[in-house]
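Since the structure comes first, as structure tokens, the remarks are kept for the end.
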Amino acid sequence: MKKHIILFGITAAFAAMLSGCKKTTDPINPNVATITLVNGGPKYLTGDATVNPKDTLIFQYTITSPVPMATVELDKSVVGSNNKIPSFAFKDSVKTQGSLTFTAIKKFPVDSAAGVYQYNVVARDINGLFLGQSKIVNVTVAPDFYFYTGRQLFVPDTVAKTNKCYFSTTDFDTYSYTSAGAAISPKIDFGYFFNTDSLYAANNLTASANVKDRVVGNSFYALSVAPAPSQIAMNDISGWTKNATQLAVGTTSTFVNLTSGGAITQNAITALKKSTSGNLSTSLLPIVTRTTKTVTSTVGGKTVTNTYNADAVTPITTGTIIYFKTVDGRYGAINVDLGTTATSAAKSQFVNISVKVTKK
């Protein structure tokens, strides 16, 4: 019994000790600030909105808090982004120490890339502790370009002429020689074929030069190309509208990075300038340029010099980006997608493409 009394006494003393250490200050409510978005005019955002790239956004907000504020943030995050930490569109220090009220107007351009951007206002105290936040405003930036994937262009067939080898950026549809005709031709921006012409042509070429023949391969062209290569000349388009679409292979960007009409336009202009500056054709790709080469070799103890013409070209393969400008002034990009199967001029051969083109 005595042992039980001792244990009880120790327990009671320990409880009294803990009771003496208990905090007497209640924790601060972590969501005490009241944040109101103010409608100061037609462009002021107080709720979800859809805007065009680089449109101006205006936020006006007032804050009241029973706890002094030190900083106020206008946070921004991108829906679907792997980065879960929001960035600051603006971060203000409250100028008056111990202030319980705050007001601000923020005016800035929205991103040029299409997507959904979330904004909300957050208030914090001097220790960076959260005091409250406004409601989340979803701003949807509508794309200023069209984007279509999974289009197939086939090698032109010579008999039925039903292979879809023409493309229109007006309706993003593909057409064959039979289904297009003169009536549809004003909508056609470019065509596709497999060029079987030899890449390298040589005169008096010796074996030591080791220059091999190969074909040009996948080719894109504007209907205005003249003279027409033999692989497409069998289609009589003399009565068609021949749109002079400008074409150029791109080298400075990737297709996935073309997230705005501005990016598409700028990259297309750069690529087309490079093509025209070298007096190269912009109506037929790939561009084949001819150079003269000289090979010197020893035959029977004598030095023999052979001069020959050699063609040079960068082939169009999976991942190639082709920029273009339509006759009505729109800029676009063609991506040769994974799954390209064209290795010959057989009518069963085709390429898969994705296309982005700016809106009028």
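Ligands are numbered from 1 in the order shown, chains are lettered A, B, ... in the order of the structure tokens, and residues start at 1 in each chain.
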
| field | Residue set, segment 118-338 of chain A restricted to helix (DSSP H, G or I), as a ChimeraX atom specification | value | /A:177-187,207-209,230-233,255-257,261-277

Would you put the residues from that selection into a file with C-alpha atoms, as a PDB file, in the first residue's frame?
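This went into part.pdb:
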ATOM      1  CA  TYR A 177      -5.254  15.169-106.882  1.00  0.00           C
ATOM      2  CA  THR A 178      -8.730  13.718-107.504  1.00  0.00           C
ATOM      3  CA  SER A 179     -10.443  15.212-104.436  1.00  0.00           C
ATOM      4  CA  ALA A 180      -8.887  18.656-104.780  1.00  0.00           C
ATOM      5  CA  GLY A 181      -9.166  19.842-108.348  1.00  0.00           C
ATOM      6  CA  ALA A 182      -9.229  23.479-109.433  1.00  0.00           C
ATOM      7  CA  ALA A 183     -12.060  24.333-107.025  1.00  0.00           C
ATOM      8  CA  ILE A 184     -10.113  23.323-103.904  1.00  0.00           C
ATOM      9  CA  SER A 185      -6.669  24.424-105.117  1.00  0.00           C
ATOM     10  CA  PRO A 186      -6.908  27.992-103.691  1.00  0.00           C
ATOM     11  CA  LYS A 187      -6.845  26.428-100.203  1.00  0.00           C
ATOM     12  CA  ALA A 207      36.876   5.413-107.018  1.00  0.00           C
ATOM     13  CA  SER A 208      39.205   7.206-104.623  1.00  0.00           C
ATOM     14  CA  ALA A 209      36.776  10.107-104.323  1.00  0.00           C
ATOM     15  CA  SER A 230       9.102  14.726-112.603  1.00  0.00           C
ATOM     16  CA  GLN A 231       7.524  12.954-109.617  1.00  0.00           C
ATOM     17  CA  ILE A 232       4.704  15.520-109.481  1.00  0.00           C
ATOM     18  CA  ALA A 233       4.653  16.741-113.078  1.00  0.00           C
ATOM     19  CA  PHE A 255       8.618  22.384 -82.317  1.00  0.00           C
ATOM     20  CA  VAL A 256       7.543  22.034 -78.684  1.00  0.00           C
ATOM     21  CA  ASN A 257       8.993  25.483 -77.908  1.00  0.00           C
ATOM     22  CA  GLY A 261       2.120  33.000 -82.601  1.00  0.00           C
ATOM     23  CA  GLY A 262       4.996  35.396 -81.972  1.00  0.00           C
ATOM     24  CA  ALA A 263       7.499  32.555 -81.576  1.00  0.00           C
ATOM     25  CA  ILE A 264       6.244  30.866 -84.752  1.00  0.00           C
ATOM     26  CA  THR A 265       6.429  34.110 -86.720  1.00  0.00           C
ATOM     27  CA  GLN A 266       9.904  35.086 -85.528  1.00  0.00           C
ATOM     28  CA  ASN A 267      11.428  31.660 -86.217  1.00  0.00           C
ATOM     29  CA  ALA A 268       9.764  31.482 -89.625  1.00  0.00           C
ATOM     30  CA  ILE A 269      11.024  34.950 -90.622  1.00  0.00           C
ATOM     31  CA  THR A 270      14.573  34.016 -89.552  1.00  0.00           C
ATOM     32  CA  ALA A 271      14.533  30.750 -91.494  1.00  0.00           C
ATOM     33  CA  LEU A 272      13.063  32.320 -94.629  1.00  0.00           C
ATOM     34  CA  LYS A 273      15.594  35.182 -94.570  1.00  0.00           C
ATOM     35  CA  LYS A 274      18.454  32.688 -94.472  1.00  0.00           C
ATOM     36  CA  SER A 275      17.014  30.900 -97.487  1.00  0.00           C
ATOM     37  CA  THR A 276      16.434  33.987 -99.605  1.00  0.00           C
ATOM     38  CA  SER A 277      19.774  35.547 -98.655  1.00  0.00           C
TER      39      SER A 277
END

Within 6 Å of Tyr323 of chain A, counting only C-alpha atoms, which residues show up once you throw out same-chain ones fewer than 5 positions away? Write them as an mmCIF file with N, CA and C atoms, in the first residue's frame, please.
data_model
loop_
_atom_site.group_PDB
_atom_site.id
_atom_site.type_symbol
_atom_site.label_atom_id
_atom_site.label_comp_id
_atom_site.auth_asym_id
_atom_site.auth_seq_id
_atom_site.Cartn_x
_atom_site.Cartn_y
_atom_site.Cartn_z
ATOM 1 N N LEU A 247 8.821 28.234 -98.193
ATOM 2 C CA LEU A 247 9.217 27.140 -97.310
ATOM 3 C C LEU A 247 10.694 27.254 -96.960
ATOM 4 N N ALA A 248 11.045 26.881 -95.729
ATOM 5 C CA ALA A 248 12.453 26.882 -95.319
ATOM 6 C C ALA A 248 12.629 25.935 -94.140
ATOM 7 N N ALA A 268 10.016 31.631 -88.188
ATOM 8 C CA ALA A 268 9.764 31.482 -89.625
ATOM 9 C C ALA A 268 10.458 32.586 -90.415
ATOM 10 N N GLY A 332 3.809 29.658 -90.281
ATOM 11 C CA GLY A 332 3.549 28.357 -89.675
ATOM 12 C C GLY A 332 4.785 27.493 -89.614
ATOM 13 N N ALA A 333 4.600 26.333 -88.981
ATOM 14 C CA ALA A 333 5.696 25.372 -88.838
ATOM 15 C C ALA A 333 5.145 23.971 -89.021
#

| message | List the spatial neighbours of Val357 of chain A as a list in words - criterion: any atom at most 10 Å away, only C-alpha atoms, same-chain residues fewer than 4 positions off excluded. | response | Asp144, Phe145, Tyr146, Phe147, Tyr148, Thr169, Thr170, Phe172, Ser260, Gly261, Ile264, Thr265, Tyr323, Phe324, Lys325, Thr326, Arg330, Tyr331, Gly332, Ala333 and Ile334 of chain A

Generate the output file for the selected residues, N, CA and C atoms, as a JSON list (two decimals), in the first residue's frame.
[["chain", "number", "residue", "atom", "x", "y", "z"],
["A", 144, "ASP", "N", -2.94, 31.94, -79.87],
["A", 144, "ASP", "CA", -3.09, 32.79, -81.05],
["A", 144, "ASP", "C", -2.59, 32.08, -82.30],
["A", 145, "PHE", "N", -2.63, 30.75, -82.23],
["A", 145, "PHE", "CA", -2.27, 29.96, -83.40],
["A", 145, "PHE", "C", -3.07, 28.66, -83.38],
["A", 146, "TYR", "N", -3.17, 28.02, -84.53],
["A", 146, "TYR", "CA", -3.85, 26.73, -84.64],
["A", 146, "TYR", "C", -2.81, 25.62, -84.57],
["A", 147, "PHE", "N", -3.19, 24.50, -83.98],
["A", 147, "PHE", "CA", -2.25, 23.38, -83.81],
["A", 147, "PHE", "C", -2.99, 22.09, -84.11],
["A", 148, "TYR", "N", -2.53, 21.38, -85.13],
["A", 148, "TYR", "CA", -3.14, 20.11, -85.51],
["A", 148, "TYR", "C", -2.06, 19.04, -85.62],
["A", 169, "THR", "N", -3.85, 24.76, -94.89],
["A", 169, "THR", "CA", -3.85, 25.34, -93.55],
["A", 169, "THR", "C", -5.10, 26.17, -93.31],
["A", 170, "THR", "N", -5.99, 26.19, -94.27],
["A", 170, "THR", "CA", -7.28, 26.87, -94.09],
["A", 170, "THR", "C", -8.23, 25.98, -93.31],
["A", 172, "PHE", "N", -7.07, 22.63, -92.47],
["A", 172, "PHE", "CA", -6.18, 21.60, -91.92],
["A", 172, "PHE", "C", -6.57, 20.21, -92.39],
["A", 260, "SER", "N", 3.66, 30.17, -79.00],
["A", 260, "SER", "CA", 2.87, 31.38, -79.28],
["A", 260, "SER", "C", 3.01, 31.73, -80.76],
["A", 261, "GLY", "N", 2.05, 32.54, -81.22],
["A", 261, "GLY", "CA", 2.12, 33.00, -82.60],
["A", 261, "GLY", "C", 3.37, 33.82, -82.85],
["A", 264, "ILE", "N", 6.34, 31.48, -83.42],
["A", 264, "ILE", "CA", 6.24, 30.87, -84.75],
["A", 264, "ILE", "C", 6.66, 31.87, -85.82],
["A", 265, "THR", "N", 6.13, 33.08, -85.72],
["A", 265, "THR", "CA", 6.43, 34.11, -86.72],
["A", 265, "THR", "C", 7.91, 34.45, -86.76],
["A", 323, "TYR", "N", 9.51, 25.66, -91.73],
["A", 323, "TYR", "CA", 8.72, 26.89, -91.55],
["A", 323, "TYR", "C", 8.14, 27.32, -92.89],
["A", 324, "PHE", "N", 7.02, 28.01, -92.82],
["A", 324, "PHE", "CA", 6.41, 28.47, -94.07],
["A", 324, "PHE", "C", 5.67, 29.78, -93.86],
["A", 325, "LYS", "N", 5.44, 30.46, -94.98],
["A", 325, "LYS", "CA", 4.62, 31.67, -95.01],
["A", 325, "LYS", "C", 3.62, 31.50, -96.13],
["A", 326, "THR", "N", 2.33, 31.64, -95.80],
["A", 326, "THR", "CA", 1.29, 31.47, -96.79],
["A", 326, "THR", "C", 1.13, 32.76, -97.61],
["A", 330, "ARG", "N", 0.17, 34.46, -93.34],
["A", 330, "ARG", "CA", 0.26, 33.72, -92.09],
["A", 330, "ARG", "C", 1.58, 32.92, -92.05],
["A", 331, "TYR", "N", 2.11, 32.77, -90.84],
["A", 331, "TYR", "CA", 3.33, 31.99, -90.67],
["A", 331, "TYR", "C", 3.02, 30.68, -89.97],
["A", 332, "GLY", "N", 3.81, 29.66, -90.28],
["A", 332, "GLY", "CA", 3.55, 28.36, -89.68],
["A", 332, "GLY", "C", 4.78, 27.49, -89.61],
["A", 333, "ALA", "N", 4.60, 26.33, -88.98],
["A", 333, "ALA", "CA", 5.70, 25.37, -88.84],
["A", 333, "ALA", "C", 5.15, 23.97, -89.02],
["A", 334, "ILE", "N", 5.89, 23.15, -89.75],
["A", 334, "ILE", "CA", 5.56, 21.74, -89.96],
["A", 334, "ILE", "C", 6.58, 20.92, -89.20]]

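In this comparison, which uses only C-alpha atoms, the residue of A:Asn235, A:Ser283, A:Leu258, A:Val155 approaching Thr343 of chain A most closely is A:Val155.
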
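For the choices A:Lys356, A:Lys91, A:Lys347, A:Lys76, the atom-to-atom distance to Tyr192 of chain A is smallest for A:Lys347 when using only C-alpha atoms.
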
| query | A:Val313, A:Val122, A:Ala70, A:Ala142: which is nearest Lys359 of chain A, counting only C-alpha atoms? | reply |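 Of all the options, A:Ala142 lies closest to Lys359 of chain A.
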
| Pick from A:Thr252, A:Asn218, A:Ser238, A:Thr294 nearest to Thr314 of chain A, counting only C-alpha atoms |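 Ranked by minimum distance to Thr314 of chain A, first place goes to A:Asn218.
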
| said: Among segment 25-120 of chain A, which ones does DSSP assign to strand (DSSP E) (computed from the backbone)? Answer as an MDAnalysis selection string. | reply: chainID A and resid 34:37 49:51 56:64 71:78 87:93 101:109 115:120

| message | With only C-alpha atoms as the counted atoms, please give the residues lying no more than 9 Å from Asn138 of chain A, apart from itself and same-chain residues fewer than 5 positions off, as a PyMOL selection string. | response | chain A and resi 47-50+116-119

| note | Residue with the minimum atom-to-atom distance to Asn127 of chain A, picked from A:Ser99, A:Thr174, A:Thr71, A:Ser65 with only C-alpha atoms counted, is A:Thr71

| field | Surrounding residues of Gly132 of chain A excluding itself and chain neighbours under 3 positions, 6 Å, only C-alpha atoms, as a list of chain:residue names | value |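 The neighbour list is A:Asn31, A:Val32, A:Ala33, A:Val122, A:Ala123.
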
Since we have the selection now, will you write its residues out, keeping C-alpha atoms, as a CSV table (one decimal), in the first residue's frame?
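Once written, selection.csv looks like this:
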chain,number,residue,atom,x,y,z
A,31,ASN,CA,-6.3,32.7,-41.9
A,32,VAL,CA,-7.3,36.0,-40.2
A,33,ALA,CA,-6.7,38.5,-43.0
A,122,VAL,CA,-1.3,36.3,-50.0
A,123,ALA,CA,-0.6,38.3,-46.8
